[in-house]
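S.K.: work05.cif is the file, holding mmCIF, C-alpha atoms:
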data_data
loop_
_atom_site.group_PDB
_atom_site.id
_atom_site.type_symbol
_atom_site.label_atom_id
_atom_site.label_comp_id
_atom_site.auth_asym_id
_atom_site.auth_seq_id
_atom_site.Cartn_x
_atom_site.Cartn_y
_atom_site.Cartn_z
ATOM 1 C CA GLN A 1 10.498 104.914 4.973
ATOM 2 C CA ILE A 2 8.103 105.008 2.025
ATOM 3 C CA THR A 3 6.078 102.140 3.476
ATOM 4 C CA ALA A 4 5.799 103.877 6.849
ATOM 5 C CA LEU A 5 4.720 107.149 5.199
ATOM 6 C CA MET A 6 2.053 105.330 3.185
ATOM 7 C CA GLY A 7 0.523 104.338 6.511
ATOM 8 C CA ALA A 8 -0.707 107.936 6.735
ATOM 9 C CA HIS A 9 -3.561 106.723 4.529
ATOM 10 C CA SER A 10 -4.992 105.325 7.760
ATOM 11 C CA VAL A 11 -6.236 108.893 8.236
ATOM 12 C CA GLY A 12 -8.562 110.840 5.992
ATOM 13 C CA SER A 13 -10.717 110.189 2.952
ATOM 14 C CA MET A 14 -10.656 110.709 -0.816
ATOM 15 C CA HIS A 15 -13.037 113.262 -2.361
ATOM 16 C CA ARG A 16 -13.915 113.430 -6.043
ATOM 17 C CA GLU A 17 -13.935 117.224 -6.143
ATOM 18 C CA PHE A 18 -10.287 117.340 -5.038
ATOM 19 C CA SER A 19 -8.627 114.308 -6.636
ATOM 20 C CA GLY A 20 -11.226 112.457 -8.665
ATOM 21 C CA PHE A 21 -11.054 109.514 -6.250
ATOM 22 C CA SER A 22 -13.657 108.638 -3.633
ATOM 23 C CA GLY A 23 -13.745 106.565 -0.447
ATOM 24 C CA ASP A 24 -11.902 105.678 2.754
ATOM 25 C CA TRP A 25 -8.712 103.621 3.039
ATOM 26 C CA ASP A 26 -9.879 101.989 6.269
ATOM 27 C CA LEU A 27 -12.767 102.113 8.700
ATOM 28 C CA THR A 28 -11.271 104.690 11.094
ATOM 29 C CA ARG A 29 -10.435 107.727 9.012
ATOM 30 C CA THR A 30 -9.921 109.927 12.092
ATOM 31 C CA SER A 31 -7.357 107.666 13.795
ATOM 32 C CA LEU A 32 -3.750 106.899 12.806
ATOM 33 C CA ASP A 33 -3.635 103.181 13.567
ATOM 34 C CA GLY A 34 -3.036 99.772 12.004
ATOM 35 C CA GLY A 35 -6.302 99.626 10.086
ATOM 36 C CA TYR A 36 -4.613 100.434 6.771
ATOM 37 C CA TRP A 37 -2.383 97.348 7.037
ATOM 38 C CA ILE A 38 -5.328 95.163 8.037
ATOM 39 C CA GLU A 39 -7.211 96.138 4.871
ATOM 40 C CA LEU A 40 -4.135 95.608 2.666
ATOM 41 C CA ILE A 41 -2.937 92.185 3.890
ATOM 42 C CA GLY A 42 -4.357 91.382 7.359
ATOM 43 C CA ASN A 43 -7.858 90.511 6.200
ATOM 44 C CA PRO A 44 -8.219 92.195 2.820
ATOM 45 C CA PRO A 45 -11.418 92.155 0.788
ATOM 46 C CA ASP A 46 -11.294 91.029 -2.834
ATOM 47 C CA PHE A 47 -10.299 94.388 -4.303
ATOM 48 C CA PHE A 48 -11.358 95.057 -7.880
ATOM 49 C CA LEU A 49 -10.795 97.974 -10.244
ATOM 50 C CA GLN A 50 -13.571 100.567 -10.318
ATOM 51 C CA ASP A 51 -13.960 103.422 -12.809
ATOM 52 C CA VAL A 52 -14.813 106.790 -11.247
ATOM 53 C CA ASN A 53 -16.731 109.069 -13.614
ATOM 54 C CA ASN A 54 -16.008 112.734 -12.832
ATOM 55 C CA GLU A 55 -17.474 114.339 -15.953
ATOM 56 C CA ASP A 56 -19.889 116.279 -13.735
ATOM 57 C CA ILE A 57 -16.964 118.079 -12.011
ATOM 58 C CA PRO A 58 -15.179 120.634 -14.244
ATOM 59 C CA GLY A 59 -11.432 120.155 -14.464
ATOM 60 C CA VAL A 60 -11.384 116.807 -12.647
ATOM 61 C CA PRO A 61 -10.395 113.802 -14.822
ATOM 62 C CA ASN A 62 -11.975 110.373 -14.666
ATOM 63 C CA GLN A 63 -10.037 107.991 -12.419
ATOM 64 C CA ARG A 64 -9.623 104.290 -11.616
ATOM 65 C CA GLN A 65 -9.390 102.995 -8.076
ATOM 66 C CA TRP A 66 -9.500 99.663 -6.219
ATOM 67 C CA LEU A 67 -12.735 99.001 -4.324
ATOM 68 C CA GLY A 68 -13.120 96.390 -1.587
ATOM 69 C CA ILE A 69 -16.496 95.365 -0.171
ATOM 70 C CA LEU A 70 -16.296 94.401 3.511
ATOM 71 C CA ASN A 71 -20.018 93.894 4.089
ATOM 72 C CA PRO A 72 -23.276 95.219 2.619
ATOM 73 C CA THR A 73 -22.770 98.614 4.286
ATOM 74 C CA SER A 74 -18.966 99.055 4.423
ATOM 75 C CA THR A 75 -16.347 99.453 1.700
ATOM 76 C CA VAL A 76 -12.715 100.526 1.551
ATOM 77 C CA THR A 77 -10.829 102.077 -1.358
ATOM 78 C CA MET A 78 -7.191 101.837 -2.408
ATOM 79 C CA LEU A 79 -5.164 103.611 -5.080
ATOM 80 C CA ASN A 80 -2.538 102.079 -7.352
ATOM 81 C CA THR A 81 0.144 103.379 -5.000
ATOM 82 C CA ASP A 82 -1.471 101.488 -2.099
ATOM 83 C CA ILE A 83 -1.908 98.238 -3.996
ATOM 84 C CA ALA A 84 1.675 98.480 -5.285
ATOM 85 C CA LEU A 85 2.900 97.953 -1.714
ATOM 86 C CA VAL A 86 1.565 94.390 -1.709
ATOM 87 C CA ARG A 87 1.132 93.505 -5.398
ATOM 88 C CA ASN A 88 3.407 93.854 -8.432
ATOM 89 C CA VAL A 89 0.819 95.410 -10.703
ATOM 90 C CA ASP A 90 1.706 95.414 -14.402
ATOM 91 C CA ASP A 91 2.377 98.598 -16.391
ATOM 92 C CA MET A 92 0.018 101.101 -14.749
ATOM 93 C CA GLU A 93 0.331 103.548 -17.625
ATOM 94 C CA ASN A 94 -1.209 101.080 -20.049
ATOM 95 C CA GLY A 95 -3.749 99.425 -17.810
ATOM 96 C CA ILE A 96 -3.451 96.712 -15.184
ATOM 97 C CA THR A 97 -3.703 93.169 -16.548
ATOM 98 C CA CYS A 98 -3.661 91.222 -13.270
ATOM 99 C CA SER A 99 -6.092 91.150 -10.345
ATOM 100 C CA PHE A 100 -5.716 91.525 -6.586
ATOM 101 C CA SER A 101 -6.597 87.882 -5.895
ATOM 102 C CA GLY A 102 -7.665 84.745 -7.712
ATOM 103 C CA PRO A 103 -5.949 82.760 -10.484
ATOM 104 C CA ASN A 104 -4.848 85.956 -12.262
ATOM 105 C CA SER A 105 -3.505 87.574 -9.081
ATOM 106 C CA CYS A 106 -0.614 90.022 -9.390
ATOM 107 C CA SER A 107 2.623 88.769 -7.840
ATOM 108 C CA HIS A 108 3.005 89.404 -4.105
ATOM 109 C CA ASP A 109 6.770 89.825 -4.437
ATOM 110 C CA THR A 110 7.290 93.537 -3.820
ATOM 111 C CA PRO A 111 10.196 95.265 -2.030
ATOM 112 C CA PHE A 112 7.670 96.823 0.352
ATOM 113 C CA MET A 113 5.924 93.597 1.432
ATOM 114 C CA PRO A 114 8.322 92.700 4.301
ATOM 115 C CA HIS A 115 7.718 96.117 5.875
ATOM 116 C CA VAL A 116 3.943 95.881 5.391
ATOM 117 C CA ARG A 117 3.940 92.497 7.156
ATOM 118 C CA ARG A 118 6.058 93.898 9.980
ATOM 119 C CA PHE A 119 3.756 96.888 10.476
ATOM 120 C CA LEU A 120 0.697 94.614 10.430
ATOM 121 C CA ALA A 121 2.198 92.503 13.224
ATOM 122 C CA ASP A 122 3.520 95.443 15.258
ATOM 123 C CA SER A 123 1.447 98.632 15.209
ATOM 124 C CA ARG A 124 3.766 100.242 17.734
ATOM 125 C CA ALA A 125 6.742 99.798 15.385
ATOM 126 C CA PHE A 126 4.717 101.443 12.610
ATOM 127 C CA LEU A 127 3.773 104.424 14.760
ATOM 128 C CA PHE A 128 7.360 105.011 15.876
ATOM 129 C CA GLU A 129 8.810 104.658 12.373
ATOM 130 C CA PHE A 130 6.116 106.893 10.889
ATOM 131 C CA ARG A 131 6.887 109.503 13.544
ATOM 132 C CA ASP A 132 10.609 109.433 12.777
ATOM 133 C CA VAL A 133 10.423 109.673 8.977
ATOM 134 C CA PHE A 134 7.621 112.255 9.124
ATOM 135 C CA ASN A 135 9.754 114.395 11.423
ATOM 136 C CA LEU A 136 12.631 114.070 8.938
ATOM 137 C CA LEU A 137 10.439 115.390 6.152
ATOM 138 C CA ILE A 138 9.223 118.284 8.292
ATOM 139 C CA ASP A 139 12.729 119.195 9.470
ATOM 140 C CA HIS A 140 14.617 118.739 6.193
ATOM 141 C CA GLY A 141 12.106 118.859 3.350
ATOM 142 C CA HIS A 142 12.122 116.461 0.444
ATOM 143 C CA SER A 143 13.942 116.543 -2.884
ATOM 144 C CA LYS A 144 13.412 113.536 -5.128
ATOM 145 C CA PRO A 145 16.710 111.876 -6.091
ATOM 146 C CA GLY A 146 17.147 111.459 -9.821
ATOM 147 C CA GLY A 147 19.517 108.496 -10.053
ATOM 148 C CA CYS A 148 18.004 105.671 -8.031
ATOM 149 C CA PRO A 149 19.261 102.367 -9.549
ATOM 150 C CA PHE A 150 16.653 100.188 -11.228
ATOM 151 C CA GLY A 151 15.306 97.556 -8.845
ATOM 152 C CA GLN A 152 16.385 99.477 -5.718
ATOM 153 C CA VAL A 153 14.152 101.156 -3.178
ATOM 154 C CA CYS A 154 15.989 104.402 -2.382
ATOM 155 C CA THR A 155 15.618 106.331 0.845
ATOM 156 C CA PHE A 156 16.148 110.019 1.392
ATOM 157 C CA GLY A 157 19.355 110.772 3.269
ATOM 158 C CA PHE A 158 19.044 114.576 3.299
ATOM 159 C CA GLU A 159 22.721 114.858 2.465
ATOM 160 C CA PRO A 160 23.934 117.138 -0.384
ATOM 161 C CA GLU A 161 21.220 118.028 -2.872
ATOM 162 C CA GLY A 162 20.346 115.140 -5.192
ATOM 163 C CA SER A 163 22.070 112.500 -3.083
ATOM 164 C CA PHE A 164 20.374 109.337 -1.906
ATOM 165 C CA THR A 165 21.102 106.100 -0.138
ATOM 166 C CA THR A 166 19.702 102.593 -0.367
ATOM 167 C CA GLU A 167 20.191 102.107 3.373
ATOM 168 C CA SER A 168 17.320 102.666 5.792
ATOM 169 C CA LEU A 169 17.768 105.468 8.310
ATOM 170 C CA PRO A 170 18.091 104.241 11.907
ATOM 171 C CA VAL A 171 14.927 104.253 13.970
ATOM 172 C CA ALA A 172 15.113 105.209 17.608
ATOM 173 C CA PRO A 173 13.930 102.345 19.846
ATOM 174 C CA PRO A 174 10.831 102.915 21.958
ATOM 175 C CA THR A 175 11.323 104.032 25.535
ATOM 176 C CA PRO A 176 11.613 100.836 27.611
ATOM 177 C CA PHE A 177 8.945 100.282 30.231
ATOM 178 C CA PRO A 178 10.563 100.250 33.685
ATOM 179 C CA PRO A 179 10.127 97.404 36.182
ATOM 180 C CA PRO A 180 6.846 97.739 38.059
ATOM 181 C CA SER A 181 6.798 99.285 41.498
ATOM 182 C CA SER A 182 4.975 97.770 44.409
ATOM 183 C CA GLY A 183 1.260 97.416 43.807
ATOM 184 C CA THR A 184 1.428 97.486 40.015
ATOM 185 C CA PHE A 185 0.779 94.673 37.576
ATOM 186 C CA PRO A 186 3.893 92.803 36.427
ATOM 187 C CA VAL A 187 5.194 93.185 32.903
ATOM 188 C CA THR A 188 5.486 89.784 31.230
ATOM 189 C CA THR A 189 7.984 88.995 28.511
ATOM 190 C CA PRO A 190 6.552 89.197 24.965
ATOM 191 C CA GLY A 191 6.783 85.978 23.023
ATOM 192 C CA ASP A 192 6.563 83.575 25.999
ATOM 193 C CA GLY A 193 3.057 82.452 24.997
ATOM 194 C CA GLN A 194 1.389 84.438 27.764
ATOM 195 C CA ALA A 195 -0.915 87.348 26.963
ATOM 196 C CA THR A 196 0.960 90.622 27.360
ATOM 197 C CA LEU A 197 0.088 94.310 27.383
ATOM 198 C CA ALA A 198 2.640 97.143 27.346
ATOM 199 C CA VAL A 199 2.583 100.923 26.962
ATOM 200 C CA ASP A 200 5.320 102.984 25.336
ATOM 201 C CA LYS A 201 6.038 105.209 28.356
ATOM 202 C CA SER A 202 5.900 104.890 32.132
ATOM 203 C CA CYS A 203 4.511 108.429 32.538
ATOM 204 C CA TYR A 204 2.465 110.693 30.241
ATOM 205 C CA SER A 205 2.015 114.445 30.238
ATOM 206 C CA PRO A 206 -1.236 116.208 29.276
ATOM 207 C CA GLY A 207 -1.819 116.106 25.522
ATOM 208 C CA GLU A 208 0.269 112.979 24.928
ATOM 209 C CA THR A 209 -1.192 109.828 23.383
ATOM 210 C CA ILE A 210 -0.793 106.383 24.912
ATOM 211 C CA VAL A 211 0.502 103.741 22.502
ATOM 212 C CA ALA A 212 -0.444 100.298 23.849
ATOM 213 C CA SER A 213 0.835 97.080 22.262
ATOM 214 C CA PHE A 214 -0.283 93.520 22.950
ATOM 215 C CA GLU A 215 0.674 89.946 22.095
ATOM 216 C CA ASP A 216 -0.914 86.494 22.375
ATOM 217 C CA ILE A 217 -4.408 87.891 22.945
ATOM 218 C CA SER A 218 -7.285 85.528 22.161
ATOM 219 C CA GLY A 219 -10.927 85.978 21.255
ATOM 220 C CA THR A 220 -13.185 88.527 19.602
ATOM 221 C CA GLY A 221 -14.920 91.579 21.050
ATOM 222 C CA VAL A 222 -11.779 92.246 23.109
ATOM 223 C CA TRP A 223 -11.208 95.779 24.420
ATOM 224 C CA ILE A 224 -8.380 97.651 26.116
ATOM 225 C CA GLY A 225 -9.498 99.882 28.982
ATOM 226 C CA ILE A 226 -7.910 102.346 31.406
ATOM 227 C CA PHE A 227 -8.927 102.436 35.072
ATOM 228 C CA PRO A 228 -7.550 104.429 38.015
ATOM 229 C CA ALA A 229 -5.003 102.419 40.004
ATOM 230 C CA GLY A 230 -6.645 100.354 42.728
ATOM 231 C CA ILE A 231 -9.904 99.827 40.853
ATOM 232 C CA VAL A 232 -8.585 96.630 39.257
ATOM 233 C CA SER A 233 -7.295 94.339 41.983
ATOM 234 C CA ASP A 234 -7.776 91.023 40.200
ATOM 235 C CA LEU A 235 -7.600 90.270 36.468
ATOM 236 C CA GLN A 236 -10.176 87.538 37.002
ATOM 237 C CA GLU A 237 -12.793 90.136 37.920
ATOM 238 C CA LEU A 238 -12.547 93.378 35.948
ATOM 239 C CA PRO A 239 -15.067 96.171 36.571
ATOM 240 C CA PRO A 240 -18.026 95.996 34.169
ATOM 241 C CA PHE A 241 -17.632 97.688 30.818
ATOM 242 C CA GLU A 242 -20.330 100.215 31.755
ATOM 243 C CA SER A 243 -18.428 101.298 34.880
ATOM 244 C CA ASP A 244 -17.970 105.034 35.398
ATOM 245 C CA GLU A 245 -14.400 104.214 36.434
ATOM 246 C CA LEU A 246 -13.531 103.217 32.843
ATOM 247 C CA LYS A 247 -11.770 106.401 31.730
ATOM 248 C CA GLU A 248 -10.864 105.384 28.169
ATOM 249 C CA TRP A 249 -11.233 102.299 25.999
ATOM 250 C CA ILE A 250 -10.854 100.950 22.467
ATOM 251 C CA PHE A 251 -11.318 97.590 20.760
ATOM 252 C CA THR A 252 -8.051 95.767 20.020
ATOM 253 C CA CYS A 253 -8.725 96.091 16.289
ATOM 254 C CA GLY A 254 -8.562 99.879 16.720
ATOM 255 C CA PHE A 255 -12.051 100.380 15.264
ATOM 256 C CA PRO A 256 -15.450 101.162 16.823
ATOM 257 C CA ASN A 257 -16.844 98.353 14.654
ATOM 258 C CA CYS A 258 -14.513 95.450 13.897
ATOM 259 C CA HIS A 259 -14.475 92.731 11.278
ATOM 260 C CA THR A 260 -10.969 91.472 12.123
ATOM 261 C CA TRP A 261 -9.471 90.589 15.517
ATOM 262 C CA LEU A 262 -5.703 90.223 15.864
ATOM 263 C CA SER A 263 -3.724 88.416 18.565
ATOM 264 C CA VAL A 264 -0.803 90.830 18.111
ATOM 265 C CA GLY A 265 -0.998 94.561 17.487
ATOM 266 C CA GLY A 266 -1.159 98.030 18.941
ATOM 267 C CA VAL A 267 -3.612 100.860 19.476
ATOM 268 C CA GLN A 268 -3.628 104.499 20.559
ATOM 269 C CA LEU A 269 -5.593 105.839 23.523
ATOM 270 C CA SER A 270 -6.290 109.449 24.413
ATOM 271 C CA THR A 271 -5.325 110.991 27.763
ATOM 272 C CA GLU A 272 -7.920 113.769 27.538
ATOM 273 C CA ARG A 273 -10.193 112.263 30.205
ATOM 274 C CA LEU A 274 -7.400 111.402 32.644
ATOM 275 C CA THR A 275 -6.566 113.391 35.762
ATOM 276 C CA PRO A 276 -3.115 113.257 37.406
ATOM 277 C CA GLY A 277 -2.469 109.943 39.114
ATOM 278 C CA ASP A 278 -1.630 106.279 38.613
ATOM 279 C CA TYR A 279 -3.592 104.091 36.199
ATOM 280 C CA THR A 280 -3.986 100.479 35.135
ATOM 281 C CA ALA A 281 -4.504 99.448 31.515
ATOM 282 C CA VAL A 282 -6.229 96.094 31.033
ATOM 283 C CA ILE A 283 -7.275 93.803 28.192
ATOM 284 C CA SER A 284 -10.675 92.145 28.531
ATOM 285 C CA GLY A 285 -11.465 88.516 27.890
ATOM 286 C CA ASP A 286 -13.110 86.902 24.878
ATOM 287 C CA GLY A 287 -16.370 88.603 23.945
ATOM 288 C CA GLY A 288 -15.477 91.529 26.199
ATOM 289 C CA SER A 289 -15.831 89.426 29.344
ATOM 290 C CA THR A 290 -14.634 90.768 32.697
ATOM 291 C CA VAL A 291 -12.093 87.955 33.020
ATOM 292 C CA GLY A 292 -9.059 89.899 31.835
ATOM 293 C CA GLN A 293 -6.083 88.620 29.878
ATOM 294 C CA ALA A 294 -3.307 91.096 30.713
ATOM 295 C CA ALA A 295 -2.637 94.413 32.444
ATOM 296 C CA THR A 296 0.079 97.002 32.977
ATOM 297 C CA SER A 297 0.477 100.264 34.887
ATOM 298 C CA PHE A 298 1.484 103.852 34.132
ATOM 299 C CA ARG A 299 1.265 107.365 35.541
ATOM 300 C CA PHE A 300 -0.385 110.481 34.128
ATOM 301 C CA GLY A 301 0.937 113.915 35.113
ATOM 302 C CA SER A 302 3.811 114.776 37.469
ATOM 303 C CA CYS A 303 6.326 113.061 35.195
#
Any chance you could put this one into structure tokens?

M.R.:
Amino acid sequence: QITALMGAHSVGSMHREFSGFSGDWDLTRTSLDGGYWIELIGNPPDFFLQDVNNEDIPGVPNQRQWLGILNPTSTVTMLNTDIALVRNVDDMENGITCSFSGPNSCSHDTPFMPHVRRFLADSRAFLFEFRDVFNLLIDHGHSKPGGCPFGQVCTFGFEPEGSFTTESLPVAPPTPFPPPSSGTFPVTTPGDGQATLAVDKSCYSPGETIVASFEDISGTGVWIGIFPAGIVSDLQELPPFESDELKEWIFTCGFPNCHTWLSVGGVQLSTERLTPGDYTAVISGDGGSTVGQAATSFRFGSC
């Protein structure tokens, strides 16, 4: 639960005037996606400790944060709480004596690491688990338990006040995608070595977000696009990227500018530009070519 909630750092930025920290956790601060996990363990930069001087802001203390340089124009920033998901940093109160990488790297053996790896590999699982635990906090509030055993990662059971459990709360499985009807693209079985694309629902209502997941995708510059049904008749010849029929799209990395391309993952797509009807979601070929890799179908409106 804690690991899933930390994924909220995929959204937003840090501002010195509010917290003393500065920077973005990932490259898409306006989108809740898998970028946070990519920066932590998918393709992390060599994070190093940076002192933040806030003496020019009354009432704001100086801080220390972890800075990662992606390229000459892009950086990401993590806090101790972020790094602690994937590194066993030494006594934070008295200074950190190990580094993120290199011969003096902090141990990778953390109780959160298995969940971070799972969320990196399956963005859809992250989005569903984040939704469920966030709803729990909204519905029930949060009261920190005071007796969590040393070495345990305690979850919040929302039982009698002060109680806790070391068992994870059950997560509702995603809505299964139904068998395709006539004229739609078939749904292949994930894990069979063939490129696959799936969406979390068979029908969406206005205002809902499409969560698309993919496996065994190859190449770079690969995008996921949404076309009205009937526009895509053959995966070997997708409409050009500039086509007016392309209603929505996003790179498979989830960013407008990507430095990492994953073969497995998930993204979110807006339904704002869709009108009621049937649609086909497709994944382009390597380099964004019009020779597609996978497709699936869904309906918008009239659910």

S.K.: Just how far from CA of Leu246 in chain A is CA of Ile217 in chain A, in Å to one decimal?

M.R.: 20.4 Å

S.K.: Mind pulling up the distance from CA of Met113 in chain A to CA of Gly20 in chain A?

M.R.: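 Going from CA of Gly20 in chain A over to CA of Met113 in chain A covers 27.4 Å.
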
S.K.: Any chance you could work out the residue set of the PyMOL selection byres ((chain A and resi 21-26) around 6) here, as JSON, numbers by chain?

M.R.: {"A": [13, 14, 15, 16, 19, 20, 27, 28, 35, 36, 76, 77, 78]}

S.K.: Which residue out of A:Thr97, A:Asn80, A:Thr73, A:Gln63 has the minimum interatomic distance to Met6 in chain A when only C-alpha atoms are used?

M.R.: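 The closest residue to Met6 in chain A is A:Asn80.
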
S.K.: Could you write out as a ChimeraX atom specification the residues that the PyMOL selection byres ((chain A and resi 209) around 9) matches in the shown file?

M.R.: /A:204-208,210-211,268-272

S.K.: When you draw a straight line from CA of Trp261 in chain A to CA of Leu67 in chain A, how long is it in Å?

M.R.: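 Answer for the CA of Trp261 in chain A to CA of Leu67 in chain A separation: 21.8 Å.
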
S.K.: Which neighbours of Asp109 in chain A fall inside 12 Å, counting all atoms listed in the file, when residues of the same chain fewer than 3 positions from it are skipped, and could you give them as a list of chain:residue names?

M.R.: A:Ala84, A:Leu85, A:Val86, A:Arg87, A:Asn88, A:Val89, A:Ser105, A:Cys106, A:Phe112, A:Met113, A:Pro114, A:Val116

S.K.: Mind dumping the selected residues with C-alpha atoms as a compact mmCIF listing (two decimals), keeping the file's coordinate frame?

M.R.:
# COMPACT_ATOMS: atom_id res chain seq x y z
CA ALA A 84 1.68 98.48 -5.28
CA LEU A 85 2.90 97.95 -1.71
CA VAL A 86 1.56 94.39 -1.71
CA ARG A 87 1.13 93.50 -5.40
CA ASN A 88 3.41 93.85 -8.43
CA VAL A 89 0.82 95.41 -10.70
CA SER A 105 -3.50 87.57 -9.08
CA CYS A 106 -0.61 90.02 -9.39
CA PHE A 112 7.67 96.82 0.35
CA MET A 113 5.92 93.60 1.43
CA PRO A 114 8.32 92.70 4.30
CA VAL A 116 3.94 95.88 5.39

S.K.: Kindly extract all protein, DNA and RNA residues lying within 10 Å of the coordinates (-6.0, 79.3, 26.1) given in the file, considering all atoms listed in the file, and supply them as an MDAnalysis selection string.

M.R.: chainID A and resid 193:195 216:219

S.K.: Next, the residues of the selection above should be written as a short mmCIF file (atom, residue, chain, number, x, y, z; two decimals), in the coordinates of the input with C-alpha atoms.

M.R.:
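Saved the output as out-v2.cif:
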data_model
loop_
_atom_site.label_atom_id
_atom_site.label_comp_id
_atom_site.auth_asym_id
_atom_site.auth_seq_id
_atom_site.Cartn_x
_atom_site.Cartn_y
_atom_site.Cartn_z
CA GLY A 193 3.06 82.45 25.00
CA GLN A 194 1.39 84.44 27.76
CA ALA A 195 -0.92 87.35 26.96
CA ASP A 216 -0.91 86.49 22.38
CA ILE A 217 -4.41 87.89 22.94
CA SER A 218 -7.28 85.53 22.16
CA GLY A 219 -10.93 85.98 21.26
#

S.K.: Apply the PyMOL selection byres ((chain A and resi 223) around 12) to the structure shown and report the selected residues as number ranges by chain.

M.R.: A: 197, 212, 214, 217-222, 224-226, 238, 240-241, 246, 248-258, 261-262, 266-267, 269, 281-295

S.K.: For Asn43 in chain A, which of A:Leu120, A:Arg29, A:Pro72, A:Asp90 is the closest residue, counting all atoms listed in the file?

M.R.: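 Among the listed residues, the smallest separation from Asn43 in chain A belongs to A:Leu120.
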
S.K.: Put a box with edges along x, y and z around all the listed atoms of range 285-289 of chain A, pad it by 6 Å on each side, then give me its centre and sizes in Å, one decimal, as JSON.

M.R.:
{"center_x": -13.9, "center_y": 89.2, "center_z": 26.6, "size_x": 16.9, "size_y": 16.6, "size_z": 17.4}

S.K.: Of the residues A:Gly95, A:Asp278, A:Asn104, A:Thr196, which is the one nearest to Gly230 in chain A, using only C-alpha atoms?

M.R.: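 Once distances to Gly230 in chain A are computed over only C-alpha atoms, the minimum belongs to A:Asp278.
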
S.K.: Measuring between all atoms listed in the file, which one of A:Val264, A:Cys303, A:Val52, A:Val133 shows the shortest distance to Ala198 in chain A?

M.R.: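 Nearest candidate to Ala198 in chain A out of A:Val264, A:Cys303, A:Val52, A:Val133: A:Val264.
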
S.K.: Using only C-alpha atoms, can you list as a VMD selection string the residues within 7 Å of (4.0, 101.9, 20.4)?

M.R.: chain A and resid 123 to 125 127 to 128 199 to 200 211 to 213 266

S.K.: Could you write out the selected residues, including C-alpha atoms, as a PDB file, in the frame of the given file?

M.R.:
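Saved the output as selection_24.pdb:
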ATOM      1  CA  SER A 123       1.447  98.632  15.209  1.00  0.00           C
ATOM      2  CA  ARG A 124       3.766 100.242  17.734  1.00  0.00           C
ATOM      3  CA  ALA A 125       6.742  99.798  15.385  1.00  0.00           C
ATOM      4  CA  LEU A 127       3.773 104.424  14.760  1.00  0.00           C
ATOM      5  CA  PHE A 128       7.360 105.011  15.876  1.00  0.00           C
ATOM      6  CA  VAL A 199       2.583 100.923  26.962  1.00  0.00           C
ATOM      7  CA  ASP A 200       5.320 102.984  25.336  1.00  0.00           C
ATOM      8  CA  VAL A 211       0.502 103.741  22.502  1.00  0.00           C
ATOM      9  CA  ALA A 212      -0.444 100.298  23.849  1.00  0.00           C
ATOM     10  CA  SER A 213       0.835  97.080  22.262  1.00  0.00           C
ATOM     11  CA  GLY A 266      -1.159  98.030  18.941  1.00  0.00           C
TER      12      GLY A 266
END

S.K.: Got a minute to add N, CA, C and O atoms to range 41-49 of chain A and dump it as a tab-separated table (two decimals), keeping the file's coordinate frame?

M.R.:
chain	number	residue	atom	x	y	z
A	41	ILE	N	-3.37	93.60	3.86
A	41	ILE	CA	-2.94	92.18	3.89
A	41	ILE	C	-3.45	91.41	5.11
A	41	ILE	O	-3.40	90.18	5.10
A	42	GLY	N	-3.91	92.11	6.17
A	42	GLY	CA	-4.36	91.38	7.36
A	42	GLY	C	-5.59	90.54	7.09
A	42	GLY	O	-5.62	89.34	7.33
A	43	ASN	N	-6.62	91.19	6.59
A	43	ASN	CA	-7.86	90.51	6.20
A	43	ASN	C	-8.47	91.30	5.05
A	43	ASN	O	-9.53	91.91	5.17
A	44	PRO	N	-7.78	91.31	3.91
A	44	PRO	CA	-8.22	92.20	2.82
A	44	PRO	C	-9.47	91.67	2.12
A	44	PRO	O	-9.66	90.46	2.00
A	45	PRO	N	-10.31	92.58	1.66
A	45	PRO	CA	-11.42	92.16	0.79
A	45	PRO	C	-10.87	91.83	-0.60
A	45	PRO	O	-9.68	92.01	-0.86
A	46	ASP	N	-11.71	91.33	-1.46
A	46	ASP	CA	-11.29	91.03	-2.83
A	46	ASP	C	-11.38	92.31	-3.65
A	46	ASP	O	-12.39	92.60	-4.29
A	47	PHE	N	-10.31	93.11	-3.60
A	47	PHE	CA	-10.30	94.39	-4.30
A	47	PHE	C	-10.46	94.19	-5.81
A	47	PHE	O	-9.91	93.25	-6.39
A	48	PHE	N	-11.21	95.08	-6.43
A	48	PHE	CA	-11.36	95.06	-7.88
A	48	PHE	C	-11.31	96.49	-8.40
A	48	PHE	O	-11.59	97.45	-7.67
A	49	LEU	N	-10.93	96.65	-9.65
A	49	LEU	CA	-10.80	97.97	-10.24
A	49	LEU	C	-12.17	98.58	-10.51
A	49	LEU	O	-13.07	97.92	-11.03
